[in-house]
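Undergrad: Here you go, this is work.cif (mmCIF, C-alpha atoms).
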data_upload
loop_
_atom_site.label_atom_id
_atom_site.label_comp_id
_atom_site.auth_asym_id
_atom_site.auth_seq_id
_atom_site.Cartn_x
_atom_site.Cartn_y
_atom_site.Cartn_z
CA MET A 1 22.29 24.37 44.71
CA THR A 2 22.98 22.08 41.76
CA GLN A 3 25.29 23.61 39.18
CA SER A 4 25.26 22.22 35.66
CA PHE A 5 28.35 22.18 33.41
CA ILE A 6 29.24 20.91 29.97
CA PHE A 7 32.45 18.90 29.84
CA ALA A 8 33.89 19.46 26.36
CA THR A 9 35.15 15.96 25.78
CA ALA A 10 34.07 13.23 23.40
CA ASN A 11 35.47 10.58 25.75
CA PRO A 12 32.72 9.02 27.94
CA HIS A 13 35.36 7.25 30.05
CA LYS A 14 36.88 10.62 30.97
CA LEU A 15 33.46 11.98 31.92
CA GLU A 16 33.01 9.32 34.60
CA GLU A 17 36.54 9.81 35.91
CA VAL A 18 36.04 13.56 36.22
CA LYS A 19 32.63 13.25 37.90
CA ALA A 20 34.34 11.53 40.79
CA MET A 21 36.80 14.42 41.16
CA LEU A 22 34.22 17.23 41.43
CA PRO A 23 31.95 18.29 44.31
CA ALA A 24 28.66 16.41 44.70
CA HIS A 25 26.49 19.41 43.75
CA ILE A 26 27.95 19.45 40.23
CA ARG A 27 25.92 17.97 37.38
CA LEU A 28 28.04 17.19 34.32
CA ARG A 29 26.78 16.95 30.78
CA SER A 30 28.83 15.50 27.93
CA LEU A 31 28.88 16.77 24.37
CA SER A 32 26.53 13.98 23.32
CA ASP A 33 24.15 14.97 26.16
CA ILE A 34 23.81 18.39 24.54
CA GLY A 35 23.53 16.95 21.03
CA PHE A 36 26.95 18.00 19.77
CA SER A 37 28.82 15.48 17.64
CA GLY A 38 31.25 17.61 15.58
CA ASP A 39 34.98 17.96 15.93
CA ILE A 40 36.33 20.65 18.23
CA PRO A 41 39.43 22.42 16.91
CA GLU A 42 42.68 21.81 18.82
CA THR A 43 45.20 23.84 16.84
CA GLU A 44 47.01 25.85 19.50
CA PRO A 45 50.69 25.22 20.31
CA THR A 46 50.21 25.06 24.11
CA LEU A 47 48.09 23.08 26.57
CA GLU A 48 46.59 26.34 27.83
CA GLY A 49 45.73 27.46 24.30
CA ASN A 50 44.18 24.15 23.32
CA ALA A 51 42.12 23.82 26.48
CA LEU A 52 40.84 27.40 26.14
CA GLN A 53 40.10 26.91 22.45
CA LYS A 54 37.93 23.87 23.17
CA ALA A 55 36.04 25.42 26.07
CA ARG A 56 35.43 28.69 24.19
CA TYR A 57 34.27 26.82 21.10
CA ILE A 58 31.50 25.12 23.06
CA PHE A 59 30.69 28.21 25.17
CA ASP A 60 30.28 30.35 22.04
CA ARG A 61 27.82 27.83 20.59
CA PHE A 62 25.80 26.89 23.67
CA GLY A 63 26.28 29.86 26.01
CA LYS A 64 26.45 27.57 29.04
CA PRO A 65 29.23 27.10 31.61
CA CYS A 66 31.66 24.52 30.29
CA PHE A 67 35.20 23.27 30.66
CA SER A 68 37.77 21.16 28.89
CA ASP A 69 41.15 19.75 29.77
CA ASP A 70 44.36 19.06 27.94
CA THR A 71 47.26 16.98 29.20
CA GLY A 72 50.84 16.60 28.04
CA LEU A 73 53.99 14.78 29.05
CA GLU A 74 56.90 17.24 29.12
CA VAL A 75 60.38 15.69 28.95
CA GLU A 76 63.24 17.94 30.06
CA ALA A 77 65.92 16.49 27.74
CA LEU A 78 63.51 16.92 24.79
CA ASN A 79 62.83 20.58 25.60
CA GLY A 80 59.32 19.84 26.79
CA ALA A 81 58.32 17.45 23.97
CA PRO A 82 56.01 15.67 23.34
CA GLY A 83 53.98 18.26 25.36
CA VAL A 84 50.84 19.39 23.61
CA TYR A 85 51.43 16.73 20.94
CA SER A 86 51.62 13.84 23.44
CA ALA A 87 48.52 12.01 22.19
CA ARG A 88 49.63 12.17 18.55
CA TYR A 89 53.42 12.05 19.04
CA ALA A 90 54.13 9.13 16.71
CA GLY A 91 51.38 10.10 14.27
CA ALA A 92 50.01 6.55 14.50
CA THR A 93 46.45 5.49 13.66
CA GLY A 94 44.44 2.61 15.09
CA SER A 95 43.09 1.91 18.58
CA GLN A 96 43.99 3.98 21.66
CA GLU A 97 46.26 1.17 22.74
CA GLU A 98 48.05 0.96 19.39
CA LYS A 99 48.61 4.73 19.42
CA ALA A 100 49.95 4.57 22.99
CA GLN A 101 52.36 1.78 22.05
CA ALA A 102 53.65 3.77 19.07
CA ASN A 103 54.03 6.94 21.17
CA MET A 104 55.95 5.11 23.90
CA SER A 105 58.26 3.46 21.35
CA LYS A 106 59.02 6.82 19.81
CA LEU A 107 59.71 8.39 23.20
CA LEU A 108 62.08 5.60 24.24
CA ALA A 109 63.89 5.90 20.91
CA GLU A 110 64.28 9.67 21.32
CA LEU A 111 65.67 9.17 24.83
CA SER A 112 67.98 6.33 23.85
CA GLY A 113 71.39 6.92 25.45
CA ILE A 114 70.23 10.06 27.25
CA GLY A 115 70.91 10.10 30.97
CA ASN A 116 68.53 12.89 31.96
CA ARG A 117 65.13 11.13 32.22
CA LYS A 118 63.34 13.96 34.07
CA ALA A 119 59.77 14.56 32.95
CA ARG A 120 56.49 15.92 34.21
CA PHE A 121 52.87 15.35 33.41
CA ARG A 122 50.88 18.53 33.16
CA THR A 123 47.11 19.00 32.90
CA VAL A 124 45.45 22.31 32.15
CA ILE A 125 41.72 22.81 32.65
CA ALA A 126 39.99 25.73 30.93
CA TYR A 127 36.67 26.74 32.45
CA MET A 128 34.24 29.25 30.95
CA ASP A 129 31.84 30.42 33.64
CA ALA A 130 28.25 31.62 33.10
CA SER A 131 29.47 35.23 32.61
CA GLY A 132 31.98 34.22 29.92
CA ASN A 133 35.04 34.64 32.15
CA ALA A 134 37.81 32.14 31.45
CA HIS A 135 39.69 30.34 34.23
CA LEU A 136 42.77 28.12 33.91
CA PHE A 137 43.79 25.50 36.48
CA GLU A 138 47.04 23.59 36.23
CA GLY A 139 48.17 20.36 37.84
CA THR A 140 51.63 18.87 37.49
CA VAL A 141 53.45 15.84 38.79
CA ASN A 142 57.20 15.50 38.45
CA GLY A 143 58.87 12.20 37.70
CA ALA A 144 61.13 10.31 35.32
CA ILE A 145 60.87 8.19 32.18
CA SER A 146 61.72 4.54 32.83
CA GLU A 147 63.99 2.50 30.53
CA GLU A 148 61.14 0.23 29.47
CA PRO A 149 57.35 -0.02 29.85
CA CYS A 150 56.02 -1.61 33.04
CA GLY A 151 52.54 -2.23 34.46
CA THR A 152 49.10 -2.49 32.90
CA THR A 153 46.73 0.00 34.59
CA GLY A 154 45.99 3.51 33.31
CA PHE A 155 46.59 4.58 29.73
CA GLY A 156 48.84 6.65 27.46
CA TYR A 157 52.39 7.02 28.79
CA ASP A 158 51.53 5.60 32.24
CA PRO A 159 53.78 2.50 31.76
CA LEU A 160 56.80 4.80 31.27
CA PHE A 161 56.23 7.42 33.96
CA VAL A 162 57.67 6.98 37.47
CA PRO A 163 56.40 9.77 39.75
CA GLU A 164 58.91 11.41 42.10
CA GLY A 165 59.16 9.62 45.45
CA TYR A 166 57.90 6.31 44.05
CA ASP A 167 59.60 3.19 42.71
CA LEU A 168 56.57 2.22 40.64
CA CYS A 169 55.42 3.69 37.37
CA PHE A 170 51.86 5.02 37.08
CA ALA A 171 50.74 1.83 35.29
CA GLN A 172 51.87 -0.26 38.29
CA MET A 173 49.97 1.78 40.86
CA PRO A 174 46.40 1.11 42.00
CA LEU A 175 44.15 3.54 40.15
CA ASP A 176 42.94 5.23 43.34
CA GLU A 177 46.51 5.92 44.42
CA LYS A 178 47.45 7.30 41.00
CA ASN A 179 44.32 9.46 41.03
CA ARG A 180 45.27 10.84 44.43
CA ILE A 181 48.63 12.22 43.29
CA SER A 182 48.15 12.72 39.55
CA HIS A 183 48.45 15.92 37.54
CA ARG A 184 44.80 15.55 36.54
CA ALA A 185 43.65 15.16 40.15
CA ARG A 186 45.62 18.25 41.19
CA ALA A 187 44.16 20.37 38.40
CA PHE A 188 40.62 19.19 39.14
CA GLY A 189 41.17 19.85 42.84
CA LYS A 190 41.87 23.52 42.06
CA PHE A 191 38.91 23.70 39.68
CA ALA A 192 36.69 22.17 42.40
CA ASP A 193 37.78 24.96 44.80
CA GLN A 194 36.57 27.57 42.31
CA LEU A 195 33.24 25.78 41.83
CA ARG A 196 32.66 25.50 45.59
CA MET A 197 33.39 29.21 45.95
CA GLU A 198 30.90 30.07 43.20
CA ASN A 199 28.34 27.79 44.77
CA GLU A 200 28.70 29.41 48.21
CA LYS A 201 28.18 32.79 46.62
CA HIS A 202 24.86 31.61 45.18
CA CYS A 203 23.62 30.03 48.43
CA MET B 204 40.15 41.10 55.15
CA THR B 205 42.58 43.20 53.13
CA GLN B 206 43.84 41.47 49.98
CA SER B 207 47.05 42.65 48.39
CA PHE B 208 47.68 42.47 44.64
CA ILE B 209 50.41 43.50 42.24
CA PHE B 210 49.17 45.39 39.19
CA ALA B 211 51.64 44.58 36.40
CA THR B 212 51.71 48.00 34.81
CA ALA B 213 54.41 50.61 34.56
CA ASN B 214 51.80 53.35 34.22
CA PRO B 215 51.13 55.13 37.57
CA HIS B 216 48.12 56.92 36.02
CA LYS B 217 46.51 53.55 35.28
CA LEU B 218 47.13 52.37 38.83
CA GLU B 219 45.02 55.20 40.26
CA GLU B 220 42.27 54.66 37.71
CA VAL B 221 42.08 50.96 38.51
CA LYS B 222 42.10 51.48 42.28
CA ALA B 223 38.81 53.31 41.92
CA MET B 224 37.28 50.35 40.04
CA LEU B 225 38.05 47.66 42.63
CA PRO B 226 36.47 46.84 46.01
CA ALA B 227 37.63 48.83 49.03
CA HIS B 228 39.35 45.87 50.71
CA ILE B 229 41.86 45.59 47.84
CA ARG B 230 45.37 46.98 48.31
CA LEU B 231 47.19 47.52 45.04
CA ARG B 232 50.94 47.57 44.58
CA SER B 233 52.61 48.77 41.40
CA LEU B 234 55.74 47.33 39.85
CA SER B 235 57.82 50.13 41.34
CA ASP B 236 56.28 49.39 44.77
CA ILE B 237 57.77 45.89 44.55
CA GLY B 238 61.09 47.14 43.18
CA PHE B 239 60.68 45.89 39.62
CA SER B 240 61.82 48.22 36.86
CA GLY B 241 62.50 45.90 33.90
CA ASP B 242 60.51 45.46 30.72
CA ILE B 243 57.78 42.86 30.68
CA PRO B 244 57.53 40.92 27.42
CA GLU B 245 54.40 41.51 25.32
CA THR B 246 54.99 39.30 22.30
CA GLU B 247 51.74 37.37 21.97
CA PRO B 248 49.41 37.93 19.00
CA THR B 249 46.21 38.31 21.09
CA LEU B 250 45.04 40.52 23.97
CA GLU B 251 44.46 37.37 26.06
CA GLY B 252 47.94 36.08 25.32
CA ASN B 253 49.64 39.39 26.09
CA ALA B 254 47.74 39.96 29.32
CA LEU B 255 48.49 36.41 30.51
CA GLN B 256 52.13 36.72 29.52
CA LYS B 257 52.56 39.87 31.60
CA ALA B 258 50.75 38.54 34.67
CA ARG B 259 52.58 35.19 34.56
CA TYR B 260 55.93 36.93 34.14
CA ILE B 261 55.44 38.83 37.39
CA PHE B 262 53.82 35.90 39.21
CA ASP B 263 56.72 33.59 38.32
CA ARG B 264 59.20 36.11 39.73
CA PHE B 265 57.39 37.29 42.86
CA GLY B 266 54.94 34.45 43.62
CA LYS B 267 52.25 36.91 44.69
CA PRO B 268 48.74 37.43 43.31
CA CYS B 269 48.93 39.83 40.41
CA PHE B 270 47.07 40.99 37.34
CA SER B 271 47.60 42.89 34.13
CA ASP B 272 45.36 44.24 31.41
CA ASP B 273 45.60 44.72 27.70
CA THR B 274 43.27 46.77 25.53
CA GLY B 275 42.71 46.96 21.81
CA LEU B 276 40.50 48.74 19.31
CA GLU B 277 39.04 46.21 16.87
CA VAL B 278 37.71 47.65 13.60
CA GLU B 279 35.37 45.37 11.64
CA ALA B 280 36.31 46.60 8.15
CA LEU B 281 40.00 46.08 9.01
CA ASN B 282 39.43 42.48 10.19
CA GLY B 283 39.95 43.43 13.81
CA ALA B 284 43.01 45.67 13.34
CA PRO B 285 44.68 47.46 15.04
CA GLY B 286 43.66 45.08 17.89
CA VAL B 287 46.57 43.93 19.99
CA TYR B 288 48.82 46.42 18.14
CA SER B 289 46.61 49.44 18.93
CA ALA B 290 49.18 51.29 21.05
CA ARG B 291 51.95 50.90 18.45
CA TYR B 292 49.81 50.92 15.27
CA ALA B 293 51.69 53.67 13.45
CA GLY B 294 55.05 52.65 14.90
CA ALA B 295 55.60 56.26 16.02
CA THR B 296 57.94 57.34 18.79
CA GLY B 297 57.67 60.38 21.07
CA SER B 298 55.17 61.31 23.78
CA GLN B 299 51.96 59.37 24.45
CA GLU B 300 50.07 62.19 22.73
CA GLU B 301 52.30 62.14 19.64
CA LYS B 302 51.89 58.38 19.36
CA ALA B 303 48.11 58.70 19.72
CA GLN B 304 47.98 61.35 16.99
CA ALA B 305 50.00 59.15 14.63
CA ASN B 306 47.83 56.10 15.39
CA MET B 307 44.60 58.03 14.78
CA SER B 308 45.92 59.46 11.50
CA LYS B 309 46.83 56.00 10.31
CA LEU B 310 43.44 54.60 11.29
CA LEU B 311 41.56 57.37 9.47
CA ALA B 312 43.73 56.82 6.39
CA GLU B 313 43.05 53.06 6.43
CA LEU B 314 39.30 53.73 6.71
CA SER B 315 39.26 56.44 4.05
CA GLY B 316 36.31 55.82 1.73
CA ILE B 317 35.08 52.83 3.74
CA GLY B 318 31.41 53.00 4.75
CA ASN B 319 31.51 50.34 7.49
CA ARG B 320 32.84 52.21 10.55
CA LYS B 321 31.87 49.57 13.12
CA ALA B 322 34.44 49.00 15.85
CA ARG B 323 34.72 47.82 19.41
CA PHE B 324 37.06 48.48 22.28
CA ARG B 325 38.06 45.33 24.13
CA THR B 326 39.94 44.97 27.42
CA VAL B 327 41.22 41.68 28.76
CA ILE B 328 42.42 41.33 32.35
CA ALA B 329 44.62 38.39 33.29
CA TYR B 330 44.69 37.58 36.99
CA MET B 331 47.02 35.07 38.65
CA ASP B 332 45.63 34.14 42.07
CA ALA B 333 47.66 33.02 45.09
CA SER B 334 47.44 29.37 43.99
CA GLY B 335 48.76 30.14 40.50
CA ASN B 336 45.40 29.74 38.77
CA ALA B 337 44.89 32.11 35.85
CA HIS B 338 41.63 33.99 35.27
CA LEU B 339 40.63 36.07 32.26
CA PHE B 340 37.98 38.80 32.34
CA GLU B 341 36.82 40.58 29.20
CA GLY B 342 35.00 43.85 28.73
CA THR B 343 33.84 45.22 25.40
CA VAL B 344 31.98 48.27 24.17
CA ASN B 345 30.62 48.46 20.64
CA GLY B 346 30.69 51.64 18.64
CA ALA B 347 31.88 53.34 15.47
CA ILE B 348 34.89 55.27 14.20
CA SER B 349 34.08 58.93 13.53
CA GLU B 350 35.20 60.76 10.37
CA GLU B 351 37.50 63.03 12.35
CA PRO B 352 38.85 63.43 15.90
CA CYS B 353 36.64 65.25 18.42
CA GLY B 354 36.93 66.06 22.12
CA THR B 355 39.86 66.33 24.50
CA THR B 356 39.30 64.02 27.50
CA GLY B 357 40.66 60.48 27.80
CA PHE B 358 43.55 59.18 25.72
CA GLY B 359 44.51 56.93 22.81
CA TYR B 360 41.73 56.50 20.25
CA ASP B 361 39.07 58.15 22.46
CA PRO B 362 38.64 61.13 20.06
CA LEU B 363 37.64 58.72 17.26
CA PHE B 364 35.38 56.28 19.09
CA VAL B 365 31.61 56.88 19.34
CA PRO B 366 30.03 54.27 21.62
CA GLU B 367 26.76 52.68 20.51
CA GLY B 368 23.70 54.65 21.70
CA TYR B 369 25.65 57.92 22.00
CA ASP B 370 26.21 60.91 19.71
CA LEU B 371 29.44 61.84 21.46
CA CYS B 372 32.84 60.20 21.14
CA PHE B 373 34.63 58.98 24.27
CA ALA B 374 36.84 62.09 24.31
CA GLN B 375 33.74 64.33 24.51
CA MET B 376 32.19 62.51 27.46
CA PRO B 377 32.77 63.35 31.12
CA LEU B 378 35.34 60.87 32.46
CA ASP B 379 32.96 59.39 35.03
CA GLU B 380 30.38 58.68 32.34
CA LYS B 381 32.96 57.07 30.07
CA ASN B 382 34.26 55.02 32.99
CA ARG B 383 30.74 53.82 33.72
CA ILE B 384 30.22 52.26 30.27
CA SER B 385 33.75 51.59 29.09
CA HIS B 386 35.32 48.26 28.10
CA ARG B 387 37.85 48.69 30.91
CA ALA B 388 35.14 49.33 33.51
CA ARG B 389 33.23 46.25 32.36
CA ALA B 390 36.28 44.02 32.55
CA PHE B 391 37.24 45.35 35.99
CA GLY B 392 33.65 44.88 37.17
CA LYS B 393 33.91 41.16 36.40
CA PHE B 394 37.34 40.95 38.02
CA ALA B 395 35.95 42.69 41.12
CA ASP B 396 33.21 40.03 41.36
CA GLN B 397 35.87 37.31 41.48
CA LEU B 398 37.84 39.18 44.16
CA ARG B 399 34.74 39.68 46.31
CA MET B 400 33.95 35.98 46.03
CA GLU B 401 37.48 35.06 47.09
CA ASN B 402 37.31 37.52 49.97
CA GLU B 403 34.01 36.08 51.25
CA LYS B 404 35.54 32.64 51.17
CA HIS B 405 38.34 33.84 53.46
CA CYS B 406 36.08 35.63 55.92
#
Kindly return the structure encoded in the file as structure tokens.
TA:
Amino acid sequence: MTQSFIFATANPHKLEEVKAMLPAHIRLRSLSDIGFSGDIPETEPTLEGNALQKARYIFDRFGKPCFSDDTGLEVEALNGAPGVYSARYAGATGSQEEKAQANMSKLLAELSGIGNRKARFRTVIAYMDASGNAHLFEGTVNGAISEEPCGTTGFGYDPLFVPEGYDLCFAQMPLDEKNRISHRARAFGKFADQLRMENEKHC
Amino acid sequence: MTQSFIFATANPHKLEEVKAMLPAHIRLRSLSDIGFSGDIPETEPTLEGNALQKARYIFDRFGKPCFSDDTGLEVEALNGAPGVYSARYAGATGSQEEKAQANMSKLLAELSGIGNRKARFRTVIAYMDASGNAHLFEGTVNGAISEEPCGTTGFGYDPLFVPEGYDLCFAQMPLDEKNRISHRARAFGKFADQLRMENEKHC
């Protein structure tokens, strides 16, 4: 049975990426598909809080199953920063690429002279089901912050993040390999398990 | 297949009540059953936050599926107070009954001369499954705050709460009738659906 879900993101690129991570019976609709073009508040101090806030905001308005995700880079020596503020760490404006450059520069400056480079990427998905129950799925990948940016694939902090067990940073890895081990893939894998279970119940 | 869960409550009375609300294949263990006798932090400003905090605290220590619940009385004219602070509204010490009396007195004083008596009871259950996913289930019952306490069954604010569609307050209703329509029963009904779904998946 086809299940239909709203993905509470304004990023069409993300919508395509996520479609590939979910079971085939899932039909995704974006915010523009449902005619929503406003801003969704993201004012909570945690990834969990932000993801839930976004999913609830859309669920309360449309009453349909929906989900959102939030991702942060958590650096041990910086007590978990930039964390929930990863995307706006340097407070820069401009294109996605300009913001990413500013964020990476700030991170390298903060870590200048610090030996502990341990970090993890963490994604939290918040899912509101048809009954209004909330579900949270987390995916993490441990790694380290490199001394300088390397590679060109991916986005955000990918040129600085070397996942555990690898010599390459995320931005040097083929996208399909990154997507196999990434925080986002792990979180969506758990979410997909829940959706399959719900689907079996309805069959 | 029997599923075993830790109920993160220190209240043995609650454990028995909840056992009756869950499917027969569920085996519940209390905190004392698993040898835990410490205090669990409850420092979040929302029912959702508190319930999640408690369940996560136990899950992080024992790594086993567990759940907790948190309940509040939300009074419209008081902007949702006492809400997450319901159990400690008056800040009283002493027995459960003495605290309840002090809380009810404070509530009646706050509502003195106020015509809008609308209120709702709300329970939130936070459930950490074996994979570390978090699930939130909510149950609410709308009603009104009476002018004075009535009835003797139940506990907490039950003598002041008249559920919508009834002339009796919770404390005047037979326990099985209250448990059929209550916020807690509704939340546990949704939780039970999730557990049945997980159990079918394993069978």
Undergrad: Applied to the shown file, which residues does the PyMOL selection byres ((chain A) within 6 of (chain B)) return, written as a list in words?
TA: Asn133, Ala134, His135, Leu136 and Phe137 of chain A
Undergrad: Give as an MDAnalysis selection string the residues that the PyMOL selection byres ((chain B and resi 221) around 12) matches when applied to the coordinates above.
TA: chainID B and resid 208:212 214:220 222:227 229:233 270:272 328 382 387:392 394:395
Undergrad: Might you spell out which residues the PyMOL selection byres ((chain B and resi 264) around 12) would select in the displayed file, as an MDAnalysis selection string?
TA: chainID B and resid 209 211 234 237:239 241 243 257:263 265:269
Undergrad: Could you check which of B:Arg383, B:Lys302, B:Arg323, B:His228 is closest to B:Gly275, using all atoms listed in the file?
TA: B:Arg323
Undergrad: Grab the atom CA of B:Lys381 to atom CA of B:Pro285 distance for me, in Å with one decimal place.
TA: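 For atom CA of B:Lys381 relative to atom CA of B:Pro285, the distance reads 21.3 Å.
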Undergrad: Just give me the gap between atom CA of B:Glu279 and atom CA of A:Leu47 in Å, one decimal is fine.
TA: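 A separation of 29.7 Å between them.
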Undergrad: Find the distance between atom CA of A:Thr43 and atom CA of A:Arg117 and write it in Å to one decimal.
TA: 28.2 Å
Undergrad: Ranking B:Leu398, B:Met376, B:Ala312, B:Val278 by minimum distance to B:Gly357 and counting only C-alpha atoms, which one comes first?
TA: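 Result for the nearest residue to B:Gly357: B:Met376.
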Undergrad: So, counting all atoms listed in the file, which residue among A:Ala51, A:Thr123, A:Ser32, A:Glu147 is closest to A:Glu110?
TA: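 Selected residue with least distance to A:Glu110: A:Glu147.
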Undergrad: Find the residues near A:Phe155: any atom within 8 Å, counting all atoms listed in the file, skip ones fewer than 6 places away on the same chain, and give them as a PyMOL selection string.
TA: chain A and resi 97+100+171
Undergrad: Which residues, written as number ranges by chain, have at least one atom at most 10 Å from A:Glu164, with only C-alpha atoms counted and residues fewer than 2 positions away on the same chain left out?
TA: A: 118-120, 141-144, 161-162, 166-169
Undergrad: Compare A:Leu175, A:Ile145, A:Ile114, A:Leu52 by their minimum atom-to-atom distance to A:Leu73, counting only C-alpha atoms, and give me the closest one.
TA: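 Selected residue with least distance to A:Leu73: A:Ile145.
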Undergrad: Determine, counting only C-alpha atoms, which protein, DNA and RNA residues have an atom within 8 Å of an atom of A:Pro149; residues of the same chain fewer than 3 positions away are not included. Present the result as a list in words.
TA: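 Answer for this query is Met104, Ser146, Pro159 and Leu160 of chain A.
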Undergrad: Show which residues sit within 9 Å of A:Ser86, as a list in words. Count only C-alpha atoms, and ignore same-chain residues fewer than 4 positions away.
TA: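 The residues satisfying every condition are Thr71, Gly72, Leu73, Glu74, Ala81, Pro82, Ala90, Asn103, Gly156 and Tyr157 of chain A.
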Undergrad: Return stretch 281-295 of chain B, completed with N, CA and C atoms, as a PDB file, keeping the file's coordinate frame.
TA:
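Output file part_23.pdb is given in full below:
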ATOM      1  N   LEU B 281      38.556  46.374   9.073  1.00  0.00           N
ATOM      2  CA  LEU B 281      40.000  46.080   9.010  1.00  0.00           C
ATOM      3  C   LEU B 281      40.296  44.703   9.626  1.00  0.00           C
ATOM      4  N   ASN B 282      39.272  43.841   9.647  1.00  0.00           N
ATOM      5  CA  ASN B 282      39.430  42.480  10.190  1.00  0.00           C
ATOM      6  C   ASN B 282      39.997  42.473  11.605  1.00  0.00           C
ATOM      7  N   GLY B 283      39.553  43.427  12.408  1.00  0.00           N
ATOM      8  CA  GLY B 283      39.950  43.430  13.810  1.00  0.00           C
ATOM      9  C   GLY B 283      41.199  44.237  14.127  1.00  0.00           C
ATOM     10  N   ALA B 284      41.865  44.780  13.089  1.00  0.00           N
ATOM     11  CA  ALA B 284      43.010  45.670  13.340  1.00  0.00           C
ATOM     12  C   ALA B 284      42.489  47.009  13.875  1.00  0.00           C
ATOM     13  N   PRO B 285      43.305  47.765  14.611  1.00  0.00           N
ATOM     14  CA  PRO B 285      44.680  47.460  15.040  1.00  0.00           C
ATOM     15  C   PRO B 285      44.776  46.446  16.183  1.00  0.00           C
ATOM     16  N   GLY B 286      43.673  46.158  16.881  1.00  0.00           N
ATOM     17  CA  GLY B 286      43.660  45.080  17.890  1.00  0.00           C
ATOM     18  C   GLY B 286      44.800  45.146  18.872  1.00  0.00           C
ATOM     19  N   VAL B 287      45.520  44.035  18.977  1.00  0.00           N
ATOM     20  CA  VAL B 287      46.570  43.930  19.990  1.00  0.00           C
ATOM     21  C   VAL B 287      47.712  44.928  19.710  1.00  0.00           C
ATOM     22  N   TYR B 288      47.765  45.457  18.489  1.00  0.00           N
ATOM     23  CA  TYR B 288      48.820  46.420  18.140  1.00  0.00           C
ATOM     24  C   TYR B 288      48.354  47.878  18.254  1.00  0.00           C
ATOM     25  N   SER B 289      47.212  48.104  18.892  1.00  0.00           N
ATOM     26  CA  SER B 289      46.610  49.440  18.930  1.00  0.00           C
ATOM     27  C   SER B 289      47.585  50.519  19.395  1.00  0.00           C
ATOM     28  N   ALA B 290      48.330  50.258  20.454  1.00  0.00           N
ATOM     29  CA  ALA B 290      49.180  51.290  21.050  1.00  0.00           C
ATOM     30  C   ALA B 290      50.377  51.624  20.163  1.00  0.00           C
ATOM     31  N   ARG B 291      50.759  50.680  19.296  1.00  0.00           N
ATOM     32  CA  ARG B 291      51.950  50.900  18.450  1.00  0.00           C
ATOM     33  C   ARG B 291      51.584  50.766  16.967  1.00  0.00           C
ATOM     34  N   TYR B 292      50.346  51.132  16.631  1.00  0.00           N
ATOM     35  CA  TYR B 292      49.810  50.920  15.270  1.00  0.00           C
ATOM     36  C   TYR B 292      50.654  51.627  14.215  1.00  0.00           C
ATOM     37  N   ALA B 293      50.949  52.896  14.450  1.00  0.00           N
ATOM     38  CA  ALA B 293      51.690  53.670  13.450  1.00  0.00           C
ATOM     39  C   ALA B 293      53.204  53.528  13.621  1.00  0.00           C
ATOM     40  N   GLY B 294      53.622  52.824  14.676  1.00  0.00           N
ATOM     41  CA  GLY B 294      55.050  52.650  14.900  1.00  0.00           C
ATOM     42  C   GLY B 294      55.768  53.947  15.267  1.00  0.00           C
ATOM     43  N   ALA B 295      55.008  54.943  15.731  1.00  0.00           N
ATOM     44  CA  ALA B 295      55.600  56.260  16.020  1.00  0.00           C
ATOM     45  C   ALA B 295      56.340  56.234  17.352  1.00  0.00           C
TER      46      ALA B 295
END
